[in-house]
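Down below is the structure, laid out as structure tokens.
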Amino acid sequence: MIKFLLTRPIAVSMTFLAILLLGCVAIGLLPISLMPDVAIPEISVQISHENRSARQLENTVVKTIRRQLLQVPHLEDIKSVTRDGSSFIHMKMAYGSDINLAYIEVNEKIDKCMSLLPKDMTRPKVIKASATDIPVLKLNLSLQKEQNPQQFMELSQFADAVIRKRIEQLSPVAMVDITGRVFPEISIHPDLEKMKAHQISYTDIENLVHNNNIDFGNLMIRDGHYQYNIHFEKSFQNVNDIKNLYFDVDGKVLKLKDIATVELVEQSRKGLAMMNGKETVSLSIIKQADARIQDMKDELQALISNFHEDYPNIEFEISEDQSKLLDYSIENLKQSLLLGASLAFLVMFFFLKDFRAPWLIGVSIPTSLIISLLFFHLLGLSLNIISLSGLVLGIGMMIDNSIIVIDNISQFRQRGENLLQSCIKGTNEVIRPMLSSVLTTCSVFLPLIFISGIAGALFYDQALAVSIGLFVSLLVSISLLPVYYRLFYKHERQGRLDRWVNQLSKLDYTKLYETGLTKVFRNQKLSWFLFLLLLACAITLVISLPKKRLPELTQHEMILRIDWNDRINIDENRRRTEQLIRQIEQDRVQTSVLIGEQQYLLNRGHELSASESLIYMKVEDSSDINALKKRLKHHLNNYYTECRFYFTSPENLFEQVFADDESPLVARINFRNGNEKEQLIQVKQLQKEFTNAFPGEFNPSQAFQEQVSLEFDPIILMLYKIDINSFYKQLQTAFNHNELDVIRNNQDQVPLVLGDKKSTLYDLINQTKIVNEEGVWYKLNQLVKKQPHESLKSITAGKEGEFVPYALHIDDDQLVSSKNKIKQILSKYKDVDLSFSGSIFANKTLLRQLGLILLISLLLLYFILASQFESFSQPLIVLLEVPIDIGGALLVLWAFGGDLNLMSLIGLIVMSGIIINDSILKIDTINRLRKEKGFGLIKAILVGGQRRLKPILMTSITTILALFPFLFLDGLGAELQKPLAIVVIGGMFIGTLVSLYFVPLCYYYLNRSRK
């Protein structure tokens, strides 16, 4: 086959050029995304019912819906968190279940129970999540000049009606999620004294509004041969129409504005968004799954430029741009290509002492990459952070394959073979071991896709990308490289550069290797001790090194989440938050604030109550972060001693997808006693006991709130001749919640509210007057009693029903002792049920799966090598080499103060794949020499080591030099790659020594009985 290709260089070149042309076309068609389009197995249900306490909402709505949702198939866990006026139910489905079918099932269950829910409640929203639903960036709109409420109301309406729609018209944009909008309402505030003077009641005003806002619909009128559609317009078109409604009071005509103030105002605010001290409307831009992210950014940037020209009074500012991670990944790919190829160039100059051979790397690597991207298109993969990381990992192995083929052909030429035979024999000799190397590397990556959950789905893209890159590289190395090698070396004459390279590299490294190998064989006990010491290091460091999801990054950003733990409204929350931000005005570069409930449809991580705030801060210098934290802590601890707050780093894209919101250990305590007051006492007592039992590990998460109950006696209402429905309506009016009607203007719906101007609870109770059927007025404090009481701020429930979560931040080794402590504390309480959850259990499940997958990978590795070597014992050499190399890599990682994280683990896999390839080729060469040449054991080991010495040194030095700059570079891209670089550099250095000396020593011990 190789001879056939070598004799037809033009056909081979044209074939590859045609494939490359198709690859270039495919690159233009490939979607570029932040993440693969993976359906996250989660469904959320948002429930909103205004003017209901958390307890009322839980008992009348949430409990009913939760019971129905428990019947949804493949439900793994369900959790609801209910606050005053709203609730959020989070459902985790078994991974692999049809999320679209589950979405339909959830909607059907909600439809079934709608008849059991209050009639005035809107239908709950059902949301299914996907990795591509994560916003690419946020666009914040604010007014350039000082704004008044009316102007900002107009801005929010304009943002929704114009800006949002124009952005959604861009083909790469899937949707725009919006928060910070202000909605208008028309408020009618009657003058009580004028109402009394004219003997007008609240009911009269309600009837007036209802009678004048009737929609008669259309009438069809025939006129001879023609017919007309007659439409009756409504009376209400604007505020003036309502002001000019007429009363007939004993023959006198009065307008509504004569007895009441009618004005367009803001609806009661539940939350708001701010940017750099200004209130904003925030638009989260979500990309189409199959669109190219750069196309979206270019089109969006052009549209924003037009916005700046068309609307000069509005500021448009971009924040939280997640696409930077993708830019870093693409930049890493380019850097790996350029640096890897350049260093391979220089190293091959030095070792091969030839000017022409390194140029073959410049042919094979781009060819392999373009063909790999063609297969991406054929298999439906997108270019995303996960698949790009797989390509970046595969580039080092692509260079490895090219070096092996070029060096092996060169060795045959040096042994006196002609050019054609050198290309044939040199390529044929390494096909089988290179195929085994590719299969062994894939056997490490591919089993990762069997990890349960979204992690396995994401590893699918990476495993497929690595496998495609390796197989394409193998194909190019054994088909295209020999053809071009023959073309490059048709003329044997050496040029000046070749002679210069020969003079430059006169080091006899084969002699040095022979000397080192002799010393190893003469000091076998010491050698075995050193290698076994590295094996012990691997076991010890795997257990002792700290484990994290991602490496520590230099932070220029910080998030402060505050729960003021007080019954404050949005305005007070805003005042406190602005006061806090003023403390850091000199240090901040950019601040973004979310206060209270947000209007995002896909509100992943933004569930806030009216008394909570989330502050995002970005500084120029990372050293300012600690000073910033200290100043904020000082202010909060001094002025708001009851508030709860904590600092976190902004989650990047990986953390948002892999986020586990639960603490390491959560004790779920269910109180079977139905008495709410007793439960509250027990909850507080348990908080004290947990604080004492787990100092520094338990942060009281249960917040309490003061509530006021207005109790009335129906007998008193009957004696005063006050109708109960009329009484409730008048109370709604007093509290500004009596919605009379809705005015529909185009797509907007503006509620018409009858209310009062009293603002404090004292004024409402002591100054509000209620009129009875006979027109007699009574003060509200004569009819009701005010009863203050305390309750939980939020009610949490799951499959087991309501529970109170007690979260502990403990290490994995404290799990058993912590559980025993909790059981001991609860032994003093009656009617209490206990269950546990937390990220520790999820991590243990993941570790068990990884252990099983590692076993499967090792078995696959053994089977492949056994078939390659046709031996049951020789694969054990490679299997034993892997943990020794890992021990060396982890030793270097520990010396640099690193930890085990996603990047360092990937580095271990990459390093093991490269070193294993070298060892496989070395053992295959030794076997060939013994079988085909009849060499003795010692001579075969020595000669096989010398023949494989250059490829091992070249691949090791190339890989180390390519990653060396990451140890000194700054920035997010370099910091993400630094743990990978440390592990690969340390593993390649130690692993090269292991491949050169440990593999021959093991081979000798396994085969000396047959010497």
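Letters for chains follow the order of the structure tokens (A, B, ...), residue numbers begin at 1 for each chain, and ligand numbers begin at 1 in the order shown.
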
Checklist entry - Tell me, which residues of stretch 138-359 of chain A carry DSSP strand (DSSP E), written as a PyMOL selection string? => result chain A and resi 138-143+173-179+184-190+218-223+226-231+246-249+252-255+260-266+271-275+278-287+314-319

How about saving the chosen residues, C-alpha atoms kept, as an mmCIF file, in the first residue's frame?
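Written out: result38.cif:
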```
data_model
loop_
_atom_site.group_PDB
_atom_site.id
_atom_site.type_symbol
_atom_site.label_atom_id
_atom_site.label_comp_id
_atom_site.auth_asym_id
_atom_site.auth_seq_id
_atom_site.Cartn_x
_atom_site.Cartn_y
_atom_site.Cartn_z
ATOM 1 C CA LYS A 138 -25.097 41.413 28.667
ATOM 2 C CA LEU A 139 -26.042 44.755 27.124
ATOM 3 C CA ASN A 140 -26.964 47.420 29.689
ATOM 4 C CA LEU A 141 -29.066 50.452 28.741
ATOM 5 C CA SER A 142 -29.162 53.622 30.822
ATOM 6 C CA LEU A 143 -29.884 57.329 30.302
ATOM 7 C CA VAL A 173 -29.399 35.518 18.214
ATOM 8 C CA ALA A 174 -31.849 33.010 19.729
ATOM 9 C CA MET A 175 -33.467 35.304 22.291
ATOM 10 C CA VAL A 176 -32.881 38.316 24.505
ATOM 11 C CA ASP A 177 -33.637 37.865 28.200
ATOM 12 C CA ILE A 178 -34.473 41.139 29.934
ATOM 13 C CA THR A 179 -34.547 42.462 33.486
ATOM 14 C CA PRO A 184 -46.692 51.739 34.231
ATOM 15 C CA GLU A 185 -50.031 51.846 36.014
ATOM 16 C CA ILE A 186 -52.767 54.467 36.284
ATOM 17 C CA SER A 187 -53.411 55.304 39.921
ATOM 18 C CA ILE A 188 -56.647 56.821 41.253
ATOM 19 C CA HIS A 189 -56.223 58.430 44.719
ATOM 20 C CA PRO A 190 -59.642 59.686 45.994
ATOM 21 C CA ASN A 218 -67.725 44.639 16.302
ATOM 22 C CA LEU A 219 -71.014 44.701 14.400
ATOM 23 C CA MET A 220 -71.511 43.705 10.780
ATOM 24 C CA ILE A 221 -73.800 46.210 8.949
ATOM 25 C CA ARG A 222 -75.216 45.532 5.430
ATOM 26 C CA ASP A 223 -75.865 48.465 3.114
ATOM 27 C CA TYR A 226 -71.968 46.416 0.571
ATOM 28 C CA GLN A 227 -71.261 45.471 4.141
ATOM 29 C CA TYR A 228 -69.308 47.306 6.844
ATOM 30 C CA ASN A 229 -67.569 46.195 9.999
ATOM 31 C CA ILE A 230 -68.500 48.696 12.714
ATOM 32 C CA HIS A 231 -66.135 48.833 15.709
ATOM 33 C CA TYR A 246 -68.570 62.037 34.787
ATOM 34 C CA PHE A 247 -70.543 61.469 38.003
ATOM 35 C CA ASP A 248 -74.229 62.250 38.379
ATOM 36 C CA VAL A 249 -74.556 63.297 42.031
ATOM 37 C CA LYS A 252 -74.904 67.635 39.667
ATOM 38 C CA VAL A 253 -72.298 66.590 37.114
ATOM 39 C CA LEU A 254 -68.839 65.992 38.526
ATOM 40 C CA LYS A 255 -65.674 64.771 36.883
ATOM 41 C CA ALA A 260 -59.561 62.165 43.009
ATOM 42 C CA THR A 261 -55.995 62.478 41.729
ATOM 43 C CA VAL A 262 -55.466 60.425 38.552
ATOM 44 C CA GLU A 263 -51.892 59.974 37.319
ATOM 45 C CA LEU A 264 -49.596 57.605 35.410
ATOM 46 C CA VAL A 265 -47.061 56.141 37.856
ATOM 47 C CA GLU A 266 -44.676 53.210 38.187
ATOM 48 C CA GLY A 271 -36.476 44.469 41.772
ATOM 49 C CA LEU A 272 -34.098 46.537 39.679
ATOM 50 C CA ALA A 273 -30.702 46.456 37.965
ATOM 51 C CA MET A 274 -27.919 49.036 38.177
ATOM 52 C CA MET A 275 -24.644 49.653 36.362
ATOM 53 C CA LYS A 278 -27.128 54.199 37.275
ATOM 54 C CA GLU A 279 -30.342 52.233 37.005
ATOM 55 C CA THR A 280 -30.298 50.137 33.838
ATOM 56 C CA VAL A 281 -32.348 47.813 31.697
ATOM 57 C CA SER A 282 -30.154 44.730 31.283
ATOM 58 C CA LEU A 283 -30.429 42.539 28.165
ATOM 59 C CA SER A 284 -28.855 39.050 28.250
ATOM 60 C CA ILE A 285 -27.990 37.930 24.698
ATOM 61 C CA ILE A 286 -28.406 34.196 24.014
ATOM 62 C CA LYS A 287 -26.988 32.717 20.795
ATOM 63 C CA ILE A 314 -28.937 56.330 25.756
ATOM 64 C CA GLU A 315 -25.762 54.651 26.997
ATOM 65 C CA PHE A 316 -25.064 51.111 25.742
ATOM 66 C CA GLU A 317 -22.515 49.159 27.780
ATOM 67 C CA ILE A 318 -21.439 45.498 27.441
ATOM 68 C CA SER A 319 -20.599 43.464 30.542
#
```

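Omitting A:Leu475 and its sequence neighbours fewer than 6 positions away, and counting only C-alpha atoms, the residues within 10 Å are Ser368, Asn401, Ile431, Leu435, Gly469 and Leu481 of chain A.
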
Expected file contents, prior selection, N, CA and C atoms, as a compact mmCIF listing (two decimals), in the first residue's frame:
```
# COMPACT_ATOMS: atom_id res chain seq x y z
N SER A 368 -3.47 17.83 8.85
CA SER A 368 -4.21 17.04 9.83
C SER A 368 -5.32 17.87 10.48
N ASN A 401 3.49 11.88 16.02
CA ASN A 401 3.37 10.91 14.92
C ASN A 401 4.27 11.29 13.75
N ILE A 431 3.74 1.48 11.46
CA ILE A 431 2.28 1.57 11.32
C ILE A 431 1.58 0.87 12.48
N LEU A 435 -0.54 2.72 15.39
CA LEU A 435 -1.96 2.43 15.51
C LEU A 435 -2.30 2.03 16.95
N GLY A 469 -8.61 13.80 15.78
CA GLY A 469 -7.28 14.36 15.53
C GLY A 469 -6.21 13.29 15.43
N LEU A 481 3.07 11.88 4.39
CA LEU A 481 4.45 12.17 4.79
C LEU A 481 5.48 11.37 3.99
```

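In terms of minimum interatomic distance to A:Val784, A:Ile716 ranks closest within A:Ala465, A:Ile716, A:Leu346, A:Val816, counting only C-alpha atoms.
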
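Proximity to stretch 999-1006 of chain A at 8 Å, evaluated using only C-alpha atoms and with sequence-adjacent residues fewer than 2 positions away removed, yields Val520, Phe521, Ser873, Gln874, Ile877, Val878, Glu881, Ser919, Ile923, Leu937, Ile938, Ile941, Gly945, Val994, Ser995, Leu996, Tyr997, Arg1008 and Ser1009 of chain A.
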
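Distance-wise, atom CA of A:Lys145 and atom CA of A:Glu572 end up 23.4 Å apart.
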
Next on the checklist: Among stretch 738-971 of chain A, which ones does DSSP assign to alpha helix (DSSP H) (computed from the backbone)? Answer as a PyMOL selection string.
Outcome noted: chain A and resi 761-767+815-826+839-869+875-895+902-932+937-963

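If you measure from each of A:Ile468, A:Val239, A:Pro358, A:Asp400 to A:Tyr485 using only C-alpha atoms, the closest one turns out to be A:Pro358.
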
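The coordinates place atom CA of A:Gly991 at 14.9 Å from atom CA of A:Trp528.
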
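Proximity to A:Leu905 was assessed for A:Ile957, A:Leu420, A:Leu980, A:Ala842 counting only C-alpha atoms; the smallest distance is recorded for A:Leu980.
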
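Here atom CA of A:Gly362 stands at a distance of 16.1 Å from atom CA of A:Tyr489.
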